[in-house]
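What follows is a single structure, written as structure tokens, with notes after it.
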Amino acid sequence: MTWAFLRDLLSGVNTYSTGIGRIWVAVVFMFRLLVYVAAAENIWKHEHDEFECNIKQPGCENVCFDHFFPVSHIRLWALQLIMVSTPSLLVVFHVAYRENREKHHNRKLYKNPGKIDGGLLCTYLISLILKTGLEIVFLVLFYKLYNGFKIPHLVKCDIKPCPNTVDCYISKPTEKMIFLYFLVATSCLCIILNLSELTYLVFKYSIKCYLKRHVKKQQ
Amino acid sequence: MDWGALHTILGGVNKHSTSIGKIWLTVLFIFRIMILVVAAERVWGDEQDDFVCNTLQPGCRNVCYDHFFPISHIRLWALQLIFVSTPALLVAMHVAYRRHEKKRQFRKGDQKCEFKDIEEIRKQRFHIEGSLWWTYTSSIFFRLIFEAVFMYAFYFMYDGFRMPRLMKCNAWPCPNTVDCFVSRPTEKTVFTIFMIAVSSICILLNVAELCYLLTKFFLGRSKKAGNSKQQPNHENKEETKQNEMNELISDSCQNTVIGFSS
């Protein structure tokens, strides 16, 4: 089980998406997944080994690292990618459910099971709202856990067994900060894409509904 | 998910590219991505572990490393490759949109649609004309901009393309000016120069492709203008003949690159 699994899942989602949805999938693949695997993972690879405190007291480094990094940035990033991609599966399941129903009744119930209308529209809108919500939740989590999106090069630690306030140095803080900003920028871009898609779908189907009613009244 | 996935995505675009575009793609995959993955990553693999400073002061090494390498060469190249490959997706999306429109026409039973079945639409190769020409040209333009920006960023951040053996550092908490030694500086310099050279070749290929597309566009327009000035009685016949000739010329150009098609 690797990221290739997520990639295959999302490729399946692509077939039932709108144009903006496909742009969202492309952004997630190229600017988030690929950057994570090809570049970001390696920066945080040896973060614990390279975390150095100005003290020889055994255990002090471990305790300080644990205090300042309860969950590593890179793990939060991976969780965010997984959580944000998952709501799209709701759409895939709904389409599969429609196709199953058609098989079960042995006749064509829908003009096109993959077309976004009726119940599938609701599922699609729910998946968009969930995606946006989860993006915002993770951004807020990053902000709260690490006091903003900055990574200092020095942190002062005085937790037992450190005998006094000790200077601890984080490795590659500038590089980590650059990639953190990149993560935030791509998250914001994905939020904007999701909101545009939501607005577009709501607008499109409201107009369709209104025109149908208008035509019925005239008849 | 790795560079192989990028290869799959871009391979689809290859079919609709010009011959120079296909050469560019080959250079990108063989001389940049493959070299990055197979060789360069190993050279930079132990960069912080083997970055040694002449001091026992804890934290001095971390701070000096961070000062001299705000973002590692290898990460900068990975980002450059990702950004440079992304504009090709614009072309892929445009082609997918056109295919979708043709499929819709076919399903509606439009008699203008010249395809016999959906499979033909899927396999069809689009010529670079009309709105696809604009998308393709913009994608090359963006590629050029990204390449240039990253090369400049590289030059600016590392004061040239040479990796020095020794760096002098006096950032706090280093107690005084301390000598720090970079691991494998010569090997890193060699790879840096190689990657810069290949980037420059890619820039040249993109410029050549842009010139080719612009020349084709203006030649096509002047031929059309020339045709419209001719005798109006034979206008339709002349136009159709010219169109057929243009088609033959563009077909023969594109057929010669069958060897590159995936």
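Identifiers in the structure tokens: chain A, B, ... in order shown; residue index from 1 per chain; ligand index from 1 in order shown.
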Show me, as a short mmCIF file (atom, residue, chain, number, x, y, z; two decimals) with C-alpha atoms, in the first residue's frame, the residues that have an atom within 9 Å of range 47-61 of chain A when counting only C-alpha atoms, minus same-chain residues fewer than 2 positions from it.
```cif
data_model
loop_
_atom_site.label_atom_id
_atom_site.label_comp_id
_atom_site.auth_asym_id
_atom_site.auth_seq_id
_atom_site.Cartn_x
_atom_site.Cartn_y
_atom_site.Cartn_z
CA ILE A 43 13.68 16.93 4.30
CA TRP A 44 12.00 15.56 7.41
CA LYS A 45 13.63 12.12 7.13
CA VAL A 63 11.89 14.93 25.74
CA CYS A 64 12.39 18.32 24.13
CA PHE A 65 11.81 16.98 20.61
CA ASP A 66 8.62 15.32 21.76
CA CYS A 157 13.55 23.77 26.53
CA ASP A 158 13.42 23.25 30.33
CA ILE A 159 11.47 20.02 30.74
CA LYS A 160 12.78 17.30 33.10
CA PRO A 161 15.34 15.70 32.84
CA CYS A 162 16.95 18.80 31.28
CA PRO A 163 18.73 20.38 34.28
CA VAL A 166 18.62 24.37 27.29
CA ASP A 167 19.09 25.57 23.70
CA CYS A 168 17.87 23.07 21.12
CA TYR A 169 18.53 23.46 17.43
CA ILE A 170 16.18 22.29 14.71
CA SER A 171 17.70 21.01 11.46
CA LYS A 172 16.97 22.69 8.10
CA GLN B 48 23.77 17.21 6.45
CA ASP B 49 25.29 14.17 8.13
CA GLN B 57 29.60 23.51 20.09
CA PRO B 58 26.21 21.81 19.80
CA GLY B 59 23.88 23.53 17.36
CA ASN B 62 22.76 22.89 12.26
#
```
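Interface residues of chain B facing chain A, defined by any atom at most 7 Å away and using only C-alpha atoms, are Met1, Asp2, Pro58, Gly59, Asn62, Asp66, Pro70, Ile71, Arg75, Ala78 and Ile82 of chain B.
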If we count only C-alpha atoms, what is near range 94-105 of chain A at a cut-off of 8 Å, once residues fewer than 4 positions away on the same chain are taken out, given as a CSV table (one decimal) with all heavy atoms, in the first residue's frame?
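Resulting contents of around-v3.csv:
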```csv
chain,number,residue,atom,x,y,z
A,90,LEU,N,-17.1,9.1,-2.1
A,90,LEU,CA,-18.6,9.1,-1.9
A,90,LEU,C,-19.3,9.1,-3.3
A,90,LEU,O,-20.2,8.4,-3.5
A,90,LEU,CB,-19.1,10.3,-1.1
A,90,LEU,CG,-18.7,10.4,0.4
A,90,LEU,CD1,-19.1,11.7,1.0
A,90,LEU,CD2,-19.4,9.3,1.1
A,109,LEU,N,-32.4,2.5,-15.6
A,109,LEU,CA,-33.1,3.4,-14.7
A,109,LEU,C,-32.7,4.9,-14.8
A,109,LEU,O,-33.4,5.8,-14.6
A,109,LEU,CB,-32.9,3.0,-13.2
A,109,LEU,CG,-33.5,1.7,-12.8
A,109,LEU,CD1,-32.9,1.2,-11.5
A,109,LEU,CD2,-35.0,1.8,-12.7
A,110,TYR,N,-31.4,5.0,-15.3
A,110,TYR,CA,-30.8,6.4,-15.4
A,110,TYR,C,-30.3,6.5,-16.8
A,110,TYR,O,-29.8,5.6,-17.4
A,110,TYR,CB,-29.6,6.6,-14.5
A,110,TYR,CG,-29.9,6.2,-13.0
A,110,TYR,CD1,-29.6,5.0,-12.5
A,110,TYR,CD2,-30.6,7.2,-12.2
A,110,TYR,CE1,-29.9,4.7,-11.2
A,110,TYR,CE2,-30.8,6.9,-10.9
A,110,TYR,CZ,-30.5,5.7,-10.4
A,110,TYR,OH,-30.8,5.4,-9.1
A,113,PRO,N,-25.6,6.8,-15.6
A,113,PRO,CA,-25.4,6.7,-14.1
A,113,PRO,C,-24.3,7.6,-13.6
A,113,PRO,O,-24.3,8.0,-12.4
A,113,PRO,CB,-25.0,5.2,-13.9
A,113,PRO,CG,-25.1,4.5,-15.2
A,113,PRO,CD,-25.4,5.5,-16.3
A,114,GLY,N,-23.4,8.1,-14.5
A,114,GLY,CA,-22.3,9.0,-14.1
A,114,GLY,C,-22.7,10.4,-14.1
A,114,GLY,O,-21.9,11.3,-13.8
A,120,LEU,N,-27.1,12.1,-7.0
A,120,LEU,CA,-25.6,12.2,-7.2
A,120,LEU,C,-25.1,13.6,-7.0
A,120,LEU,O,-24.0,13.9,-6.6
A,120,LEU,CB,-25.2,11.7,-8.6
A,120,LEU,CG,-23.7,11.5,-8.8
A,120,LEU,CD1,-23.1,10.5,-7.8
A,120,LEU,CD2,-23.4,11.0,-10.3
A,123,THR,N,-24.7,14.2,-3.4
A,123,THR,CA,-23.5,13.5,-2.9
A,123,THR,C,-22.3,14.3,-3.3
A,123,THR,O,-21.4,14.5,-2.5
A,123,THR,CB,-23.4,12.1,-3.5
A,123,THR,OG1,-24.6,11.4,-3.4
A,123,THR,CG2,-22.3,11.3,-2.9
```
Could you name the residues that touch Thr186 in chain B at 12 Å or less, counting only C-alpha atoms, but leaving out those on the same chain fewer than 5 positions away, as a PDB file with C-alpha atoms, in the first residue's frame?
```
ATOM      1  CA  VAL B  43      25.198  12.382  -4.093  1.00  0.00           C
ATOM      2  CA  TRP B  44      23.123  14.734  -1.910  1.00  0.00           C
ATOM      3  CA  PHE B 161      27.074  27.111  -9.749  1.00  0.00           C
ATOM      4  CA  ARG B 162      30.208  26.072  -7.870  1.00  0.00           C
ATOM      5  CA  MET B 163      30.097  24.163  -4.593  1.00  0.00           C
ATOM      6  CA  PRO B 164      32.956  25.367  -2.361  1.00  0.00           C
ATOM      7  CA  ARG B 165      34.842  22.893  -0.165  1.00  0.00           C
ATOM      8  CA  LEU B 166      35.049  25.177   2.811  1.00  0.00           C
ATOM      9  CA  PHE B 191      26.134  17.406 -11.272  1.00  0.00           C
ATOM     10  CA  THR B 192      25.097  21.028 -10.809  1.00  0.00           C
ATOM     11  CA  ILE B 193      26.816  22.029 -14.039  1.00  0.00           C
TER      12      ILE B 193
END
```
For this session: Could you give me, as a ChimeraX atom specification, the residues within 10 Å of Leu134 in chain A, counting only C-alpha atoms and dropping anything in the same chain fewer than 3 positions from it?
Result: /A:80-81,83-85,87,128-131,137-140,191
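Of note, CA of Val92 in chain A and CA of Lys212 in chain A are spaced 28.1 Å apart.
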Exercise. So what do you get for CA of Leu76 in chain A versus CA of Gly21 in chain A, distance-wise?
Worked result: 23.9 Å
Exercise. What is the distance, in Å and to one decimal place, between CA of Ser199 in chain B and CA of Glu147 in chain B?
Worked result: 7.1 Å
For this session: Any chance you could list, as a ChimeraX atom specification, the residues in range 72-160 of chain A that come up strand (DSSP E) when DSSP is run on the backbone?
Result: /A:154-157
Mind dumping the selected residues with C-alpha atoms as a CSV table (one decimal), in the first residue's frame?
```csv
chain,number,residue,atom,x,y,z
A,154,LEU,CA,16.3,27.5,18.0
A,155,VAL,CA,13.9,26.5,20.7
A,156,LYS,CA,14.5,26.8,24.5
A,157,CYS,CA,13.5,23.8,26.5
```
Problem set entry | Residue neighbourhood Met151 in chain B, 9 Å, only C-alpha atoms, exclusion window fewer than 6 positions, as a ChimeraX atom specification | /B:80,196,199-200
For this session: Identify, with DSSP run on backbone atoms, the residues in range 9-240 of chain B assigned to alpha helix (DSSP H), and express the list as an NGL selection string.
Result: :B and (9-14 or 19-27 or 34-35 or 41-43 or 60-68 or 73-85 or 87-108 or 118-123 or 131-158 or 185-229 or 235-240)
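If you measure from each of B:Val178, B:Ala148, B:Gly11, B:Phe194 to Arg32 in chain B using only C-alpha atoms, the closest one turns out to be B:Phe194.
Residue nearest Ser17 in chain B within the list B:Phe217, B:Tyr136, B:Tyr97, B:Phe29: B:Tyr136 [criterion: smallest interatomic distance, only C-alpha atoms].
Once range 186-190 of chain A and its same-chain neighbours fewer than 4 positions away are set aside, Trp24, Val27, Val28, Phe31, Arg32, Thr132, Glu135, Ile136, Leu139, Tyr181, Phe182, Asn194 and Leu195 of chain A remain within 9 Å of it when counting only C-alpha atoms.
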What does the file look like for those residues with all heavy atoms, as a short mmCIF file (atom, residue, chain, number, x, y, z; two decimals), in the first residue's frame?
```
data_model
loop_
_atom_site.label_atom_id
_atom_site.label_comp_id
_atom_site.auth_asym_id
_atom_site.auth_seq_id
_atom_site.Cartn_x
_atom_site.Cartn_y
_atom_site.Cartn_z
N TRP A 24 -8.78 20.23 -9.92
CA TRP A 24 -8.46 19.95 -8.52
C TRP A 24 -7.64 18.68 -8.41
O TRP A 24 -6.63 18.63 -7.69
CB TRP A 24 -9.76 19.82 -7.71
CG TRP A 24 -9.55 19.45 -6.27
CD1 TRP A 24 -9.28 20.29 -5.24
CD2 TRP A 24 -9.56 18.13 -5.71
NE1 TRP A 24 -9.14 19.58 -4.06
CE2 TRP A 24 -9.31 18.25 -4.32
CE3 TRP A 24 -9.77 16.86 -6.24
CZ2 TRP A 24 -9.26 17.16 -3.46
CZ3 TRP A 24 -9.71 15.77 -5.39
CH2 TRP A 24 -9.46 15.92 -4.02
N VAL A 27 -4.13 19.38 -9.55
CA VAL A 27 -3.36 20.14 -8.55
C VAL A 27 -2.92 19.21 -7.42
O VAL A 27 -1.77 19.26 -6.97
CB VAL A 27 -4.19 21.32 -8.00
CG1 VAL A 27 -3.56 21.92 -6.75
CG2 VAL A 27 -4.35 22.40 -9.05
N VAL A 28 -3.84 18.33 -6.96
CA VAL A 28 -3.49 17.43 -5.87
C VAL A 28 -2.36 16.48 -6.29
O VAL A 28 -1.41 16.26 -5.54
CB VAL A 28 -4.73 16.63 -5.40
CG1 VAL A 28 -4.33 15.48 -4.47
CG2 VAL A 28 -5.70 17.54 -4.69
N PHE A 31 1.04 19.12 -7.51
CA PHE A 31 1.63 20.06 -6.56
C PHE A 31 1.60 19.60 -5.12
O PHE A 31 2.24 20.19 -4.28
CB PHE A 31 0.93 21.42 -6.65
CG PHE A 31 1.19 22.10 -7.97
CD1 PHE A 31 0.17 22.31 -8.86
CD2 PHE A 31 2.46 22.50 -8.30
CE1 PHE A 31 0.41 22.92 -10.07
CE2 PHE A 31 2.72 23.11 -9.51
CZ PHE A 31 1.69 23.32 -10.40
N ARG A 32 0.85 18.53 -4.81
CA ARG A 32 0.84 18.10 -3.42
C ARG A 32 1.43 16.71 -3.28
O ARG A 32 2.45 16.53 -2.62
CB ARG A 32 -0.61 18.16 -2.89
CG ARG A 32 -1.15 19.58 -2.91
CD ARG A 32 -2.58 19.67 -2.46
NE ARG A 32 -2.68 19.62 -1.02
CZ ARG A 32 -3.81 19.76 -0.33
NH1 ARG A 32 -4.93 19.95 -0.97
NH2 ARG A 32 -3.82 19.71 0.98
N THR A 132 -13.56 20.74 1.55
CA THR A 132 -13.18 22.10 1.97
C THR A 132 -13.04 22.16 3.48
O THR A 132 -12.07 22.73 4.00
CB THR A 132 -14.25 23.10 1.51
OG1 THR A 132 -14.59 22.82 0.15
CG2 THR A 132 -13.77 24.52 1.62
N GLU A 135 -9.81 20.54 4.65
CA GLU A 135 -8.63 21.38 4.34
C GLU A 135 -8.48 22.46 5.41
O GLU A 135 -7.39 22.68 5.95
CB GLU A 135 -8.80 22.07 2.99
CG GLU A 135 -8.80 21.18 1.79
CD GLU A 135 -7.42 20.97 1.20
OE1 GLU A 135 -6.41 21.22 1.89
OE2 GLU A 135 -7.34 20.54 0.04
N ILE A 136 -9.61 23.12 5.72
CA ILE A 136 -9.56 24.22 6.69
C ILE A 136 -9.16 23.68 8.07
O ILE A 136 -8.34 24.27 8.76
CB ILE A 136 -10.91 24.96 6.74
CG1 ILE A 136 -11.16 25.64 5.38
CG2 ILE A 136 -10.94 25.98 7.85
CD1 ILE A 136 -12.52 26.26 5.23
N LEU A 139 -5.45 23.09 8.15
CA LEU A 139 -4.68 24.34 8.18
C LEU A 139 -4.71 24.94 9.58
O LEU A 139 -3.69 25.41 10.10
CB LEU A 139 -5.23 25.33 7.15
CG LEU A 139 -4.84 25.09 5.70
CD1 LEU A 139 -5.50 26.09 4.78
CD2 LEU A 139 -3.33 25.15 5.53
N TYR A 181 5.12 26.66 3.63
CA TYR A 181 4.39 27.71 2.93
C TYR A 181 3.81 27.18 1.62
O TYR A 181 2.69 27.52 1.22
CB TYR A 181 5.29 28.92 2.65
CG TYR A 181 5.50 29.81 3.84
CD1 TYR A 181 6.75 30.35 4.13
CD2 TYR A 181 4.45 30.12 4.70
CE1 TYR A 181 6.94 31.16 5.24
CE2 TYR A 181 4.63 30.92 5.81
CZ TYR A 181 5.88 31.44 6.07
OH TYR A 181 6.08 32.24 7.17
N PHE A 182 4.57 26.31 0.95
CA PHE A 182 4.11 25.70 -0.29
C PHE A 182 2.85 24.87 -0.01
O PHE A 182 1.86 24.93 -0.75
CB PHE A 182 5.22 24.81 -0.85
CG PHE A 182 4.97 24.31 -2.23
CD1 PHE A 182 5.21 25.10 -3.32
CD2 PHE A 182 4.47 23.04 -2.43
CE1 PHE A 182 4.97 24.65 -4.60
CE2 PHE A 182 4.22 22.57 -3.71
CZ PHE A 182 4.47 23.38 -4.79
N ASN A 194 -12.45 24.21 -4.77
CA ASN A 194 -13.64 23.54 -4.26
C ASN A 194 -14.81 24.49 -4.14
O ASN A 194 -15.94 24.16 -4.52
CB ASN A 194 -13.35 22.90 -2.89
CG ASN A 194 -12.52 21.64 -3.02
OD1 ASN A 194 -12.54 20.98 -4.05
ND2 ASN A 194 -11.77 21.33 -1.98
N LEU A 195 -14.54 25.70 -3.61
CA LEU A 195 -15.63 26.67 -3.44
C LEU A 195 -16.17 27.13 -4.80
O LEU A 195 -17.38 27.29 -4.97
CB LEU A 195 -15.14 27.87 -2.62
CG LEU A 195 -14.89 27.57 -1.15
CD1 LEU A 195 -14.27 28.76 -0.44
CD2 LEU A 195 -16.19 27.18 -0.43
#
```
